[in-house]
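Data block for entry_6.cif (mmCIF, C-alpha atoms):
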data_target
#
loop_
_atom_site.group_PDB
_atom_site.id
_atom_site.type_symbol
_atom_site.label_atom_id
_atom_site.label_comp_id
_atom_site.auth_asym_id
_atom_site.auth_seq_id
_atom_site.Cartn_x
_atom_site.Cartn_y
_atom_site.Cartn_z
ATOM 1 C CA MET A 1310 21.341 42.331 -11.805
ATOM 2 C CA GLN A 1311 25.026 43.177 -12.200
ATOM 3 C CA PRO A 1312 27.124 44.105 -9.132
ATOM 4 C CA LEU A 1313 28.014 47.763 -8.778
ATOM 5 C CA ASN A 1314 31.755 47.122 -8.531
ATOM 6 C CA GLY A 1315 31.768 45.263 -11.839
ATOM 7 C CA GLY A 1316 32.762 41.988 -10.153
ATOM 8 C CA THR A 1317 31.007 38.661 -10.241
ATOM 9 C CA MET A 1318 28.076 37.824 -7.977
ATOM 10 C CA PRO A 1319 28.656 35.023 -5.417
ATOM 11 C CA ASP A 1320 27.091 31.635 -6.178
ATOM 12 C CA PRO A 1321 24.063 31.303 -3.840
ATOM 13 C CA THR A 1322 24.013 27.489 -4.072
ATOM 14 C CA PRO A 1323 25.750 25.603 -1.236
ATOM 15 C CA SER A 1324 28.972 23.740 -1.869
ATOM 16 C CA ARG A 1325 28.949 19.968 -2.277
ATOM 17 C CA LEU A 1326 30.629 19.446 1.094
ATOM 18 C CA ARG A 1327 28.197 21.742 2.864
ATOM 19 C CA TYR A 1328 25.245 19.974 1.195
ATOM 20 C CA ARG A 1329 26.489 16.538 2.285
ATOM 21 C CA LEU A 1330 27.103 17.702 5.846
ATOM 22 C CA HIS A 1331 23.604 19.155 5.966
ATOM 23 C CA ARG A 1332 22.121 15.856 4.729
ATOM 24 C CA LEU A 1333 24.087 13.935 7.359
ATOM 25 C CA TRP A 1334 22.909 16.213 10.143
ATOM 26 C CA LEU A 1335 19.295 15.541 9.175
ATOM 27 C CA SER A 1336 19.831 11.875 10.048
ATOM 28 C CA PRO A 1337 18.822 11.071 13.679
ATOM 29 C CA ALA A 1338 21.467 8.358 13.861
ATOM 30 C CA PHE A 1339 24.212 10.769 12.814
ATOM 31 C CA ARG A 1340 23.107 13.362 15.376
ATOM 32 C CA ARG A 1341 23.170 10.726 18.138
ATOM 33 C CA LEU A 1342 26.628 9.622 17.024
ATOM 34 C CA ALA A 1343 27.864 13.225 16.994
ATOM 35 C CA CYS A 1344 26.595 13.744 20.538
ATOM 36 C CA ILE A 1345 28.304 10.564 21.742
ATOM 37 C CA VAL A 1346 31.615 11.577 20.125
ATOM 38 C CA LEU A 1347 31.417 15.096 21.574
ATOM 39 C CA VAL A 1348 30.615 13.943 25.119
ATOM 40 C CA SER A 1349 33.267 11.210 24.895
ATOM 41 C CA ALA A 1350 35.877 13.732 23.831
ATOM 42 C CA VAL A 1351 34.983 16.078 26.701
ATOM 43 C CA ALA A 1352 35.037 13.187 29.181
ATOM 44 C CA GLY A 1353 38.391 12.021 27.845
ATOM 45 C CA LEU A 1354 39.932 15.470 28.188
ATOM 46 C CA PHE A 1355 38.584 15.771 31.714
ATOM 47 C CA ALA A 1356 39.943 12.346 32.663
ATOM 48 C CA ALA A 1357 43.357 13.080 31.175
ATOM 49 C CA ASN A 1358 43.602 16.387 32.980
ATOM 50 C CA TYR A 1359 42.499 14.865 36.302
ATOM 51 C CA ALA A 1360 44.908 11.955 35.994
ATOM 52 C CA ARG A 1361 47.828 14.275 35.223
ATOM 53 C CA ASN A 1362 47.126 16.403 38.284
ATOM 54 C CA SER A 1363 46.369 13.571 40.706
ATOM 55 C CA GLY A 1364 48.642 10.868 39.345
ATOM 56 C CA SER A 1365 45.859 8.220 39.586
ATOM 57 C CA THR A 1366 44.081 6.825 36.520
ATOM 58 C CA GLY A 1367 42.101 3.818 37.853
ATOM 59 C CA PRO A 1368 39.079 5.563 39.395
ATOM 60 C CA VAL A 1369 38.911 8.041 36.524
ATOM 61 C CA ALA A 1370 38.930 5.296 33.888
ATOM 62 C CA GLY A 1371 36.084 3.506 35.667
ATOM 63 C CA ALA A 1372 34.064 6.691 35.928
ATOM 64 C CA VAL A 1373 34.584 7.526 32.254
ATOM 65 C CA SER A 1374 33.582 3.999 31.241
ATOM 66 C CA ALA A 1375 30.379 4.240 33.268
ATOM 67 C CA VAL A 1376 29.563 7.620 31.727
ATOM 68 C CA LEU A 1377 30.113 6.335 28.190
ATOM 69 C CA GLU A 1378 27.997 3.238 28.843
ATOM 70 C CA SER A 1379 25.146 5.359 30.153
ATOM 71 C CA ILE A 1380 25.421 7.613 27.097
ATOM 72 C CA VAL A 1381 25.127 4.631 24.757
ATOM 73 C CA HIS A 1382 22.040 3.332 26.565
ATOM 74 C CA VAL A 1383 20.377 6.728 26.628
ATOM 75 C CA SER A 1384 21.055 7.377 22.935
ATOM 76 C CA ALA A 1385 19.883 3.901 21.886
ATOM 77 C CA VAL A 1386 16.361 3.457 20.554
ATOM 78 C CA ARG A 1387 14.058 1.276 22.631
ATOM 79 C CA VAL A 1388 12.483 -1.232 20.269
ATOM 80 C CA VAL A 1389 8.935 -2.014 21.333
ATOM 81 C CA GLU A 1390 7.483 -3.650 18.226
ATOM 82 C CA MET A 1391 8.574 -5.635 15.148
ATOM 83 C CA ARG A 1392 6.514 -5.294 11.971
ATOM 84 C CA VAL A 1393 6.919 -7.846 9.150
ATOM 85 C CA THR A 1394 5.686 -6.743 5.728
ATOM 86 C CA GLY A 1395 5.877 -7.951 2.127
ATOM 87 C CA VAL A 1396 4.691 -11.537 2.651
ATOM 88 C CA ASP A 1397 1.518 -13.390 3.611
ATOM 89 C CA PRO A 1398 0.656 -13.975 7.293
ATOM 90 C CA GLU A 1399 1.936 -17.563 7.243
ATOM 91 C CA VAL A 1400 5.446 -16.551 6.160
ATOM 92 C CA ALA A 1401 5.375 -13.548 8.511
ATOM 93 C CA ALA A 1402 4.658 -15.919 11.396
ATOM 94 C CA ARG A 1403 7.689 -18.029 10.444
ATOM 95 C CA VAL A 1404 9.839 -14.893 10.406
ATOM 96 C CA GLU A 1405 8.682 -13.966 13.907
ATOM 97 C CA GLU A 1406 9.486 -17.470 15.144
ATOM 98 C CA VAL A 1407 13.202 -17.150 14.293
ATOM 99 C CA VAL A 1408 13.676 -13.867 16.184
ATOM 100 C CA PRO A 1409 16.098 -14.711 19.051
ATOM 101 C CA PHE A 1410 15.082 -11.867 21.385
ATOM 102 C CA ARG A 1411 11.993 -10.560 23.122
ATOM 103 C CA LEU A 1412 10.601 -7.061 22.907
ATOM 104 C CA PRO A 1413 10.862 -4.470 24.279
ATOM 105 C CA ALA A 1414 14.645 -4.299 23.974
ATOM 106 C CA SER A 1415 17.339 -1.688 23.494
ATOM 107 C CA SER A 1416 18.634 -1.265 19.953
ATOM 108 C CA SER A 1417 22.180 -1.409 21.323
ATOM 109 C CA GLU A 1418 21.543 -5.034 22.308
ATOM 110 C CA LEU A 1419 20.230 -6.145 18.906
ATOM 111 C CA ASP A 1420 22.397 -7.671 16.173
ATOM 112 C CA LEU A 1421 20.369 -6.747 13.113
ATOM 113 C CA GLY A 1422 22.888 -8.310 10.724
ATOM 114 C CA ALA A 1423 22.607 -11.694 12.425
ATOM 115 C CA LEU A 1424 18.813 -11.389 12.505
ATOM 116 C CA ARG A 1425 18.703 -10.697 8.764
ATOM 117 C CA MET A 1426 20.777 -13.823 8.101
ATOM 118 C CA ARG A 1427 18.426 -15.937 10.233
ATOM 119 C CA ILE A 1428 15.417 -14.641 8.324
ATOM 120 C CA GLU A 1429 16.990 -15.186 4.893
ATOM 121 C CA ALA A 1430 17.818 -18.780 5.889
ATOM 122 C CA LEU A 1431 14.093 -19.596 5.760
ATOM 123 C CA ASP A 1432 13.006 -21.552 2.667
ATOM 124 C CA SER A 1433 10.177 -19.180 1.876
ATOM 125 C CA VAL A 1434 12.332 -16.019 2.072
ATOM 126 C CA SER A 1435 14.426 -14.664 -0.780
ATOM 127 C CA SER A 1436 15.778 -11.550 0.980
ATOM 128 C CA ALA A 1437 15.075 -9.331 3.979
ATOM 129 C CA SER A 1438 15.747 -5.676 4.830
ATOM 130 C CA LEU A 1439 15.604 -4.327 8.384
ATOM 131 C CA PHE A 1440 14.854 -0.709 9.275
ATOM 132 C CA LEU A 1441 14.933 0.676 12.828
ATOM 133 C CA ARG A 1442 12.486 3.549 13.115
ATOM 134 C CA ALA A 1443 12.751 6.414 15.604
ATOM 135 C CA ASN A 1444 9.354 5.506 17.082
ATOM 136 C CA GLY A 1445 10.701 2.190 18.362
ATOM 137 C CA ILE A 1446 9.399 0.010 15.516
ATOM 138 C CA LEU A 1447 11.645 -2.505 13.776
ATOM 139 C CA ASP A 1448 10.385 -2.821 10.201
ATOM 140 C CA VAL A 1449 11.277 -6.091 8.475
ATOM 141 C CA LEU A 1450 10.629 -5.947 4.735
ATOM 142 C CA VAL A 1451 10.656 -9.499 3.382
ATOM 143 C CA VAL A 1452 10.777 -10.607 -0.244
ATOM 144 C CA GLY A 1453 9.323 -14.100 -0.370
ATOM 145 C CA ARG A 1454 10.086 -16.886 -2.799
ATOM 146 C CA VAL A 1455 7.234 -17.557 -5.207
ATOM 147 C CA PRO A 1456 6.802 -21.298 -5.840
ATOM 148 C CA VAL A 1457 6.251 -22.242 -9.477
ATOM 149 C CA ALA A 1458 6.315 -26.050 -9.222
ATOM 150 C CA VAL A 1459 6.213 -29.040 -6.880
ATOM 151 C CA TRP A 1460 9.329 -31.204 -7.006
ATOM 152 C CA ARG A 1461 8.890 -34.764 -5.760
ATOM 153 C CA ASN A 1462 12.122 -36.465 -4.704
ATOM 154 C CA GLU A 1463 13.300 -38.935 -2.070
ATOM 155 C CA PHE A 1464 12.810 -36.288 0.633
ATOM 156 C CA GLY A 1465 9.150 -35.619 -0.158
ATOM 157 C CA LEU A 1466 7.247 -32.830 -1.877
ATOM 158 C CA ASN A 1467 9.184 -29.578 -2.139
ATOM 159 C CA LEU A 1468 8.000 -26.252 -3.501
ATOM 160 C CA ILE A 1469 10.608 -24.628 -5.763
ATOM 161 C CA ASP A 1470 10.785 -21.167 -7.295
ATOM 162 C CA GLU A 1471 11.751 -20.159 -10.825
ATOM 163 C CA ASP A 1472 15.452 -20.476 -9.961
ATOM 164 C CA GLY A 1473 15.020 -24.022 -8.660
ATOM 165 C CA VAL A 1474 15.507 -22.934 -5.039
ATOM 166 C CA ARG A 1475 13.330 -24.589 -2.421
ATOM 167 C CA ALA A 1476 10.471 -22.325 -1.392
ATOM 168 C CA GLY A 1477 8.757 -24.595 1.111
ATOM 169 C CA VAL A 1478 7.487 -28.099 1.793
ATOM 170 C CA ILE A 1479 4.014 -29.638 1.487
ATOM 171 C CA SER A 1480 2.763 -32.922 2.866
ATOM 172 C CA SER A 1481 0.236 -33.709 0.131
ATOM 173 C CA ARG A 1482 -0.010 -33.059 -3.585
ATOM 174 C CA ASN A 1483 -3.564 -31.826 -3.031
ATOM 175 C CA GLU A 1484 -2.190 -28.788 -1.187
ATOM 176 C CA ARG A 1485 -0.863 -27.280 -4.441
ATOM 177 C CA ARG A 1486 -2.783 -28.725 -7.357
ATOM 178 C CA ASP A 1487 -2.366 -25.354 -9.045
ATOM 179 C CA LEU A 1488 1.361 -26.037 -9.591
ATOM 180 C CA PRO A 1489 2.866 -28.600 -11.999
ATOM 181 C CA LEU A 1490 4.460 -31.729 -10.539
ATOM 182 C CA LEU A 1491 8.112 -32.332 -11.480
ATOM 183 C CA ILE A 1492 9.854 -35.644 -10.862
ATOM 184 C CA GLY A 1493 13.437 -36.875 -11.258
ATOM 185 C CA GLU A 1494 17.039 -35.859 -10.723
ATOM 186 C CA GLY A 1495 18.295 -32.503 -11.971
ATOM 187 C CA VAL A 1496 14.897 -30.816 -11.812
ATOM 188 C CA PRO A 1497 16.088 -27.573 -10.109
ATOM 189 C CA ALA A 1498 18.478 -26.823 -12.972
ATOM 190 C CA ALA A 1499 15.737 -27.328 -15.590
ATOM 191 C CA VAL A 1500 12.763 -25.540 -14.030
ATOM 192 C CA SER A 1501 12.663 -22.863 -16.732
ATOM 193 C CA GLU A 1502 12.470 -25.514 -19.454
ATOM 194 C CA ALA A 1503 9.672 -27.332 -17.616
ATOM 195 C CA ARG A 1504 7.721 -24.083 -17.377
ATOM 196 C CA GLN A 1505 8.139 -23.552 -21.114
ATOM 197 C CA LEU A 1506 6.799 -27.049 -21.777
ATOM 198 C CA GLY A 1507 3.896 -26.329 -19.456
ATOM 199 C CA TRP A 1508 3.044 -23.219 -21.466
ATOM 200 C CA HIS A 1509 2.879 -25.244 -24.697
ATOM 201 C CA THR A 1510 0.540 -27.782 -23.043
ATOM 202 C CA ARG A 1511 -1.720 -25.206 -21.374
ATOM 203 C CA ARG A 1512 -4.726 -26.344 -23.457
ATOM 204 C CA ILE A 1513 -4.535 -29.841 -21.953
ATOM 205 C CA ALA A 1514 -3.310 -28.756 -18.507
ATOM 206 C CA ASP A 1515 -6.176 -30.566 -16.802
ATOM 207 C CA ARG A 1516 -4.948 -33.868 -18.296
ATOM 208 C CA ILE A 1517 -1.293 -33.562 -17.250
ATOM 209 C CA LEU A 1518 -0.264 -35.593 -14.203
ATOM 210 C CA GLY A 1519 3.389 -34.547 -14.121
ATOM 211 C CA PHE A 1520 6.725 -33.971 -15.849
ATOM 212 C CA ARG A 1521 9.589 -36.419 -15.328
ATOM 213 C CA ARG A 1522 13.241 -35.474 -15.851
ATOM 214 C CA VAL A 1523 14.995 -38.476 -17.411
ATOM 215 C CA GLY A 1524 18.738 -38.848 -16.884
ATOM 216 C CA GLU A 1525 19.048 -35.094 -16.282
ATOM 217 C CA ARG A 1526 18.828 -34.787 -20.077
ATOM 218 C CA ARG A 1527 15.245 -34.743 -21.294
ATOM 219 C CA TRP A 1528 11.557 -34.778 -20.263
ATOM 220 C CA ASP A 1529 8.619 -37.185 -20.282
ATOM 221 C CA ILE A 1530 5.078 -35.862 -19.799
ATOM 222 C CA PHE A 1531 2.490 -38.110 -18.143
ATOM 223 C CA LEU A 1532 -1.178 -37.727 -19.067
ATOM 224 C CA ASP A 1533 -4.260 -39.189 -17.498
ATOM 225 C CA GLY A 1534 -5.259 -42.520 -18.983
ATOM 226 C CA GLY A 1535 -1.681 -43.784 -18.846
ATOM 227 C CA GLN A 1536 -0.346 -41.866 -21.861
ATOM 228 C CA THR A 1537 3.267 -40.654 -22.010
ATOM 229 C CA ILE A 1538 4.815 -38.012 -24.262
ATOM 230 C CA MET A 1539 8.554 -38.642 -24.681
ATOM 231 C CA LEU A 1540 10.532 -35.560 -25.717
ATOM 232 C CA PRO A 1541 14.059 -35.229 -27.168
ATOM 233 C CA GLU A 1542 17.127 -33.923 -25.342
ATOM 234 C CA SER A 1543 17.347 -30.772 -27.431
ATOM 235 C CA ASN A 1544 14.620 -28.547 -28.854
ATOM 236 C CA ALA A 1545 12.025 -30.218 -26.647
ATOM 237 C CA ALA A 1546 9.699 -27.214 -26.908
ATOM 238 C CA ASP A 1547 9.697 -27.409 -30.727
ATOM 239 C CA ALA A 1548 8.895 -31.126 -30.628
ATOM 240 C CA LEU A 1549 6.087 -30.545 -28.134
ATOM 241 C CA LYS A 1550 4.712 -27.758 -30.295
ATOM 242 C CA ARG A 1551 4.475 -30.202 -33.218
ATOM 243 C CA ILE A 1552 2.675 -32.729 -31.017
ATOM 244 C CA MET A 1553 0.165 -30.132 -29.884
ATOM 245 C CA GLU A 1554 -0.442 -29.084 -33.504
ATOM 246 C CA LEU A 1555 -1.189 -32.708 -34.371
ATOM 247 C CA HIS A 1556 -3.546 -32.895 -31.417
ATOM 248 C CA GLU A 1557 -5.422 -29.751 -32.424
ATOM 249 C CA THR A 1558 -5.825 -30.842 -36.051
ATOM 250 C CA ASP A 1559 -6.298 -34.607 -35.625
ATOM 251 C CA GLN A 1560 -7.094 -35.129 -31.905
ATOM 252 C CA LEU A 1561 -3.867 -37.114 -31.547
ATOM 253 C CA LEU A 1562 -3.941 -37.339 -27.761
ATOM 254 C CA ASP A 1563 -7.596 -38.395 -27.738
ATOM 255 C CA ARG A 1564 -6.719 -41.660 -29.458
ATOM 256 C CA LYS A 1565 -5.929 -44.951 -27.736
ATOM 257 C CA LEU A 1566 -2.214 -44.307 -27.292
ATOM 258 C CA LEU A 1567 0.283 -45.652 -24.786
ATOM 259 C CA PHE A 1568 3.010 -43.185 -25.702
ATOM 260 C CA VAL A 1569 4.024 -40.550 -28.221
ATOM 261 C CA ASP A 1570 7.763 -40.981 -28.773
ATOM 262 C CA PHE A 1571 9.449 -37.879 -30.222
ATOM 263 C CA ARG A 1572 12.919 -38.607 -28.839
ATOM 264 C CA ILE A 1573 14.038 -38.653 -32.470
ATOM 265 C CA PRO A 1574 11.888 -35.899 -33.995
ATOM 266 C CA GLU A 1575 12.701 -37.006 -37.554
ATOM 267 C CA ARG A 1576 11.291 -40.484 -36.788
ATOM 268 C CA PRO A 1577 8.423 -40.107 -34.286
ATOM 269 C CA VAL A 1578 6.759 -43.300 -33.101
ATOM 270 C CA LEU A 1579 3.349 -43.854 -31.548
ATOM 271 C CA ARG A 1580 2.319 -46.963 -29.655
ATOM 272 C CA LEU A 1581 -1.380 -47.738 -29.832
ATOM 273 C CA ARG A 1582 -3.377 -49.444 -27.130
ATOM 274 C CA LEU A 1583 -5.426 -52.100 -28.946
ATOM 275 C CA GLY A 1584 -8.433 -53.977 -27.638
ATOM 276 C CA ALA A 1585 -8.377 -56.042 -24.452
ATOM 277 C CA GLY A 1586 -6.057 -58.999 -24.825
ATOM 278 C CA ASP A 1587 -4.303 -57.568 -27.892
ATOM 279 C CA ALA A 1588 -0.652 -56.588 -27.809
ATOM 280 C CA ALA A 1589 0.278 -52.951 -28.118
ATOM 281 C CA GLU A 1590 1.610 -52.129 -31.553
ATOM 282 C CA PRO A 1591 4.130 -49.404 -32.445
ATOM 283 C CA VAL A 1592 3.200 -47.404 -35.533
ATOM 284 C CA SER A 1593 4.554 -44.344 -37.282
ATOM 285 C CA ALA A 1594 3.099 -40.950 -36.448
ATOM 286 C CA SER A 1595 1.840 -40.430 -39.991
ATOM 287 C CA ARG A 1596 -0.066 -43.713 -39.981
ATOM 288 C CA ALA A 1597 -1.651 -43.035 -36.565
ATOM 289 C CA VAL A 1598 -2.735 -39.530 -37.492
ATOM 290 C CA GLY A 1599 -4.255 -40.765 -40.737
ATOM 291 C CA GLU A 1600 -6.298 -43.582 -39.211
ATOM 292 C CA THR A 1601 -10.051 -43.137 -38.789
#

Rewrite the coordinates I just gave you, this time as structure tokens.
Amino acid sequence: MQPLNGGTMPDPTPSRLRYRLHRLWLSPAFRRLACIVLVSAVAGLFAANYARNSGSTGPVAGAVSAVLESIVHVSAVRVVEMRVTGVDPEVAARVEEVVPFRLPASSSELDLGALRMRIEALDSVSSASLFLRANGILDVLVVGRVPVAVWRNEFGLNLIDEDGVRAGVISSRNERRDLPLLIGEGVPAAVSEARQLGWHTRRIADRILGFRRVGERRWDIFLDGGQTIMLPESNAADALKRIMELHETDQLLDRKLLFVDFRIPERPVLRLRLGAGDAAEPVSASRAVGET
């Protein structure tokens, strides 16, 4: 519909500034802040006017300070409950243990930034977000670290995540038999490579005792029965893939072997375990695979 005066019709949509102000006013925190600023301004004007007329500022300043303090306490949310979500009950219990205050408490007395740092300092926590609800509930959304391996070092058995960051501690290997065991120095920096090797050996996962990082350069894989697979520094996954192909076609790892040495992939060496009392004999991979 065109306007009768031939002009342009006004745009019914609100301006950007008006929209943003409306969104701010919908926030309970912003409305509380606006009330505090308004009352503080009125109290300040009253105090200034009284001091100018009476010539005394001490009693007025104390009265204004008391009024402002009461305003802050009234406007603050009373926190009556903390709710931890996103993690299992065991980790949630650890989060609750590091909380330095008791509920109920006033939100004006809580340092949520410091609390978040305390929570994120836990081994099993990757990050935490804190939300103070109007109903007096402090929601703590926790993102936990997911352990992908057990790293055994001089300090014990540590759970580590895919980034090599410690995700917890266990006292016995039996607690996490579902995770591969990694041994040696430099393991955290090579977790992704160890996981790749584990994927290639998934068909014999029940035979693998652990992965050892040697000189922070390469990996050895220990199998039950005392067998060891020795991998090269580079392209370890390709070498392991070749070994697994030999095992699938010729049952390589079912033979009486002490180790499968692929540190030099162009010249692999196998060492056979002979009969009791006989010395172990190194042989070439082609000869071992071809024996009956």

What is the atom CA of Ser1436 of chain A to atom CA of Gly1473 of chain A distance in Å?
->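 Result for atom CA of Ser1436 of chain A versus atom CA of Gly1473 of chain A: 15.8 Å, one decimal.
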
Residue members of the PyMOL selection byres ((chain A and resi 1524) around 9) in the file shown, as an NGL selection string | :A and (1493-1495 or 1522-1523 or 1525-1528)

What do you get, as number ranges by chain, if you spell out every residue that the PyMOL selection byres ((chain A and resi 1517) around 9) selects here?
-> A: 1489, 1510, 1513-1516, 1518-1520, 1530-1533

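The coordinates place atom CA of Asp1529 of chain A at 10.4 Å from atom CA of Glu1542 of chain A.
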
Please indicate the distance in Å from atom CA of Ser1435 of chain A to atom CA of Val1474 of chain A, rounded to one decimal place.
->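 So the two atoms, atom CA of Ser1435 of chain A and atom CA of Val1474 of chain A, lie 9.4 Å apart.
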
Result set, the PyMOL selection byres ((chain A and resi 1574) around 10) on current file, as JSON, numbers by chain = {"A": [1540, 1541, 1543, 1544, 1545, 1547, 1548, 1549, 1551, 1570, 1571, 1572, 1573, 1575, 1576, 1577, 1578]}

For Arg1521 of chain A, which residue among A:Arg1486, A:Leu1468, A:Trp1460, A:Glu1557 is the nearest when counting all atoms listed in the file?
-> A:Trp1460

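Residues in contact with Met1426 of chain A at up to 10 Å, not including ones fewer than 5 positions away on its chain and judged by all atoms listed in the file, are A:Leu1421, A:Leu1431, A:Ser1436, A:Ala1437.
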
Return the single residue from A:Val1459, A:Leu1491, A:Val1496, A:Leu1562 that is closest to Val1478 of chain A, with distances computed using only C-alpha atoms.
-> A:Val1459

Pick from A:Leu1466, A:Leu1412, A:Leu1581, A:Ile1552 nearest to Ile1446 of chain A, counting only C-alpha atoms = A:Leu1412
